[in-house]
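**Q** Dropping a structure here in C-alpha cells format, bear with me for questions.
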Amino acid sequence: MTVAVYPFCPSIGLQVVFLFKLISLATGHPPVSTQSPNFAWNLHGKPGDGYYTEVEIGTPPQKFSLLVDTGSSNLAIAGAPHEELDTYFATNNSSTYVDLGKDVKVEYTQGIVGLAFSALAQPQGKVTPWFDGLVTKYNVENSFTFQLCGPYKEKGMSRHHGKLIIGSSSDVCPSATATSPIRRAWFYEVLVVNMAVGNKVLDIPCVSYNTDKSIVDSGTSNFRLPSDVFKVLVAELRMQTSALVPPLSENFWSGTEEVCWPFDREAWDAFPNITVHLAHSNTSAFPITIPPQSYLRPAPDALNDTTDCWVLGIDESQTGTVLGAVILEGLCVTFDRGHSYIGFSKSSCGPNVVLGKIYNSSDWSSCVYMPNFVDGLTIASYVMGGLLLLLSLPLIFASLRWTWQSVLRPQLYPEVPFLTLDEPNTT
C-alpha cells in the first residue's frame, strides 16, 4: 500500500479512542541513492488543533489528515465509522489492504503520524514506526526538522502553517545555533534548567520543571507545565499584567475564557516575554524567549469583525513540562536522532522568538528528576518474602520451643537427673 503526502491539510481537533485493524503501509518509492535523500511536506491547520498534513492511502487512494506528532510513535488511521469523524479508512474499498489480525488501541484524531522513538510504539516490540522504516529502507538521514510558522488570517479565519523536512533542511533553515541533548530515546526528553517572566526569574527549584520529565512535542499546542511551576508562572504573569483595564478574569488564566480587543488597540505591550532555558551540556545552557504573540493563541471565533480574541496558550500538566507549538513556532527545530540532540535556529517565519547564546553555568545535576519509587519486581519480591515468612512461623516457633526446652533452659537452670534423686541413700 502506498502512502503519498500532499501539501494541503484541513485540521481536525477531535480526540477519540478507536480499536482498529493494523493496516499494512509502505512509504512509496522514493529514489535510492548513495546520498541521503530529503523530503519536505507542507503543514496546515488551526491554532490549538495541531499541525497536519494530508496523505492518500489504499488503492484507489483514500485521503486523510494526519496530525504530525513527536509525542507518539504510531502511524494510525481511523478504521471504523464514528459519529465524531468525517471519514475513516474503508477496508472493503481498498484492493491493497492487508489484515494482519492484530488489534491496537490508540488515542488520536482522524489520523496521526508519530515521529518519536520506537519505545513508545504500540503494541510494544511488535511495530516498527513509520519513520524508523523510512530511515532503514531508503537510506534517509536519521533526523527531521520542523519549521512551524504560527497563525495567520485567511478570509477572516485564523490558520497556521509550516513545513516538515526529513533529512537535510539546509535549503529551508539555517544550521542550528544551539542544541540540547536528548536525555532518553522514548519521547524527545530534554532538561529545562530555568524560566523567567519578563526580567523576573522564577523562584523555584529547577527539578520542579522536569518532574516527571520535560519533552518537546509538536503534537501539543500549548506550553504545559507541572502544577507547582504553572501556579508560580501564572501568578507572575498576573502581577505583571495587573495594570490592564479591565483586568483579566480568573477564567482567562485557567484557559477557559478568551480576551478580546478592538483592532485599533495595541495590548501586546502589557504582556511580558517568557524565557525558557534548556541545558546544552552538564554545565551550559541557552535561553529561548517567546513574546506574548506566542503564548496568546487566536481564539477559534471572534465576537465580531471589529475585535481580535485570544486565549492563554499555557496550561497545567500532570506529566511534566511539554514544550508544544507555543514554544516551537518561530524556530527551526531539528530532531537529530542519529546524534541524540535537538537543534534550534531562528526561522524566517513566525513570531519574533529570540534564541539566546549558549552560556556556562554550574552543574545542572540538581535539575534532573529522580523518581522515588520501588519497581514492580521489587514489590513482588517483598510480598513473596512476607508470605513465606508467614507460612514459616509455626515451624519457627516449634524450633524455638525445642531449642529452649532442650538446650537453653537446661544450661540456665541445671537440674539433678530424676534417677539420681530416686536412688536410695547408701551412706
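By order of appearance in the C-alpha cells: chains A, B, ..., then residues from 1 within every chain, and ligands from 1 in the order shown.
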Write out as number ranges by chain the residues lying within 12 Å of A:Ser214, counting only C-alpha atoms and excluding same-chain residues fewer than 2 positions away.

**A** A: 71, 180-184, 186-193, 206-212, 216-217, 223-226, 276-279, 317-324, 367-369

**Q** Residues at most 7 Å from stretch 336-339 of chain A, counting only C-alpha atoms, excluding those fewer than 6 positions away in the same chain, as a PyMOL selection string?

**A** chain A and resi 142-144

**Q** Produce a table with one row for each residue of stretch 154-187 of chain A that has an atom at most 12 Å from any atom of stretch 52-66 of chain A, each row naming the nearest atom pair and its distance in Å at one decimal; use only C-alpha atoms; arrange rows by chain and rising residue number; format as a tab-separated table.

**A**
```
residue	atom	partner	partner_atom	distance
A:Arg159	CA	A:Tyr52	CA	11.5
A:His160	CA	A:Tyr52	CA	9.9
A:His161	CA	A:Tyr52	CA	8.8
A:Gly162	CA	A:Tyr52	CA	9.3
A:Lys163	CA	A:Thr53	CA	9.3
A:Leu164	CA	A:Thr53	CA	9.1
```

**Q** For the selection you just gave me, I'd like the residues written to a file as a short mmCIF file (atom, residue, chain, number, x, y, z; two decimals), in the first residue's frame, keeping all heavy atoms.

**A**
```
data_model
loop_
_atom_site.label_atom_id
_atom_site.label_comp_id
_atom_site.auth_asym_id
_atom_site.auth_seq_id
_atom_site.Cartn_x
_atom_site.Cartn_y
_atom_site.Cartn_z
N ARG A 159 -5.55 30.60 10.78
CA ARG A 159 -4.91 29.35 10.34
C ARG A 159 -3.47 29.38 10.78
O ARG A 159 -2.93 30.41 11.19
CB ARG A 159 -4.98 29.22 8.82
CG ARG A 159 -6.37 29.28 8.24
CD ARG A 159 -7.07 27.96 8.36
NE ARG A 159 -8.39 27.96 7.73
CZ ARG A 159 -9.21 26.91 7.72
NH1 ARG A 159 -8.81 25.79 8.32
NH2 ARG A 159 -10.38 26.99 7.16
N HIS A 160 -2.80 28.22 10.69
CA HIS A 160 -1.35 28.23 10.84
C HIS A 160 -0.74 27.28 9.81
O HIS A 160 -1.42 26.41 9.24
CB HIS A 160 -0.88 27.92 12.27
CG HIS A 160 -1.31 26.60 12.81
ND1 HIS A 160 -1.42 26.36 14.15
CD2 HIS A 160 -1.64 25.42 12.21
CE1 HIS A 160 -1.80 25.11 14.35
NE2 HIS A 160 -1.92 24.52 13.19
N HIS A 161 0.55 27.46 9.56
CA HIS A 161 1.19 26.68 8.51
C HIS A 161 2.64 26.42 8.90
O HIS A 161 3.18 27.03 9.83
CB HIS A 161 1.12 27.41 7.16
CG HIS A 161 1.88 28.70 7.14
ND1 HIS A 161 3.11 28.83 6.53
CD2 HIS A 161 1.60 29.92 7.66
CE1 HIS A 161 3.54 30.07 6.67
NE2 HIS A 161 2.64 30.75 7.36
N GLY A 162 3.28 25.54 8.18
CA GLY A 162 4.67 25.22 8.45
C GLY A 162 5.18 24.17 7.49
O GLY A 162 4.54 23.85 6.48
N LYS A 163 6.34 23.61 7.80
CA LYS A 163 6.94 22.57 6.98
C LYS A 163 7.53 21.48 7.87
O LYS A 163 7.99 21.75 8.98
CB LYS A 163 8.06 23.13 6.09
CG LYS A 163 7.59 23.94 4.89
CD LYS A 163 8.78 24.35 4.02
CE LYS A 163 8.31 25.19 2.83
NZ LYS A 163 7.49 24.38 1.90
N LEU A 164 7.53 20.27 7.34
CA LEU A 164 8.26 19.14 7.91
C LEU A 164 9.28 18.70 6.87
O LEU A 164 8.90 18.38 5.74
CB LEU A 164 7.33 17.98 8.26
CG LEU A 164 8.00 16.65 8.58
CD1 LEU A 164 8.86 16.75 9.84
CD2 LEU A 164 6.96 15.53 8.73
#
```

**Q** Name the closest residue to A:Gln147 among the candidates A:Thr70, A:Thr289, A:Thr275, A:Asn42; distances are taken between atoms, counting only C-alpha atoms.

**A**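 Under the stated criterion, the closest residue is A:Asn42.
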
**Q** Would you list the contacts of A:Ile77 as a PyMOL selection string, taking every protein, DNA or RNA residue within 8 Å and counting only C-alpha atoms, but skipping same-chain residues closer than 4 positions in sequence?

**A** chain A and resi 20+64+88-89+110-112

**Q** Take the selection from the previous step and output its residues with N, CA and C atoms, as a compact mmCIF listing (two decimals), in the first residue's frame.

**A**
```txt
# COMPACT_ATOMS: atom_id res chain seq x y z
N PHE A 20 -8.63 -0.40 16.08
CA PHE A 20 -8.57 -0.52 14.63
C PHE A 20 -7.66 -1.66 14.22
N PHE A 64 -6.66 11.35 3.99
CA PHE A 64 -6.78 11.54 5.43
C PHE A 64 -5.89 12.69 5.87
N TYR A 88 -13.19 7.72 7.56
CA TYR A 88 -12.37 6.64 8.11
C TYR A 88 -11.92 5.77 6.95
N PHE A 89 -10.93 4.91 7.20
CA PHE A 89 -10.42 4.05 6.15
C PHE A 89 -11.38 2.89 5.91
N GLN A 110 -8.41 12.05 13.63
CA GLN A 110 -8.76 11.23 12.46
C GLN A 110 -7.60 10.34 12.06
N GLY A 111 -6.39 10.86 12.26
CA GLY A 111 -5.19 10.10 11.96
C GLY A 111 -3.97 10.79 12.53
N ILE A 112 -2.91 10.03 12.74
CA ILE A 112 -1.72 10.59 13.35
C ILE A 112 -0.50 9.89 12.78
```

**Q** Measuring atom to atom with only C-alpha atoms, identify which of A:Asn222, A:Asn74, A:Thr128, A:Thr334 is nearest to A:Gly255.

**A**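 Ranking A:Asn222, A:Asn74, A:Thr128, A:Thr334 by distance to A:Gly255, first place goes to A:Asn222.
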
**Q** Counting only C-alpha atoms, which of A:Ala176, A:Leu85, A:Ala121, A:Leu67 gets nearest to A:Ile358?

**A**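 Among the listed residues, the smallest separation from A:Ile358 belongs to A:Ala176.
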
**Q** Which of stretch 82-197 of chain A end up as helix (DSSP H, G or I) when DSSP is run on this backbone - answer as a list in words?

**A** Thr91, Asn92, Asn93, Ser118, Ala119, Leu120, Trp130, Phe131, Asp132, Gly133, Leu134, Val135, Thr136, Lys137 and Tyr138 of chain A

**Q** Restricting the calculation to only C-alpha atoms: of A:Asn372, A:Asn352, A:Asn38, A:Gln293, which residue gets closest to A:Val135?

**A**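 The shortest atom-to-atom distance to A:Val135 comes from A:Asn38.
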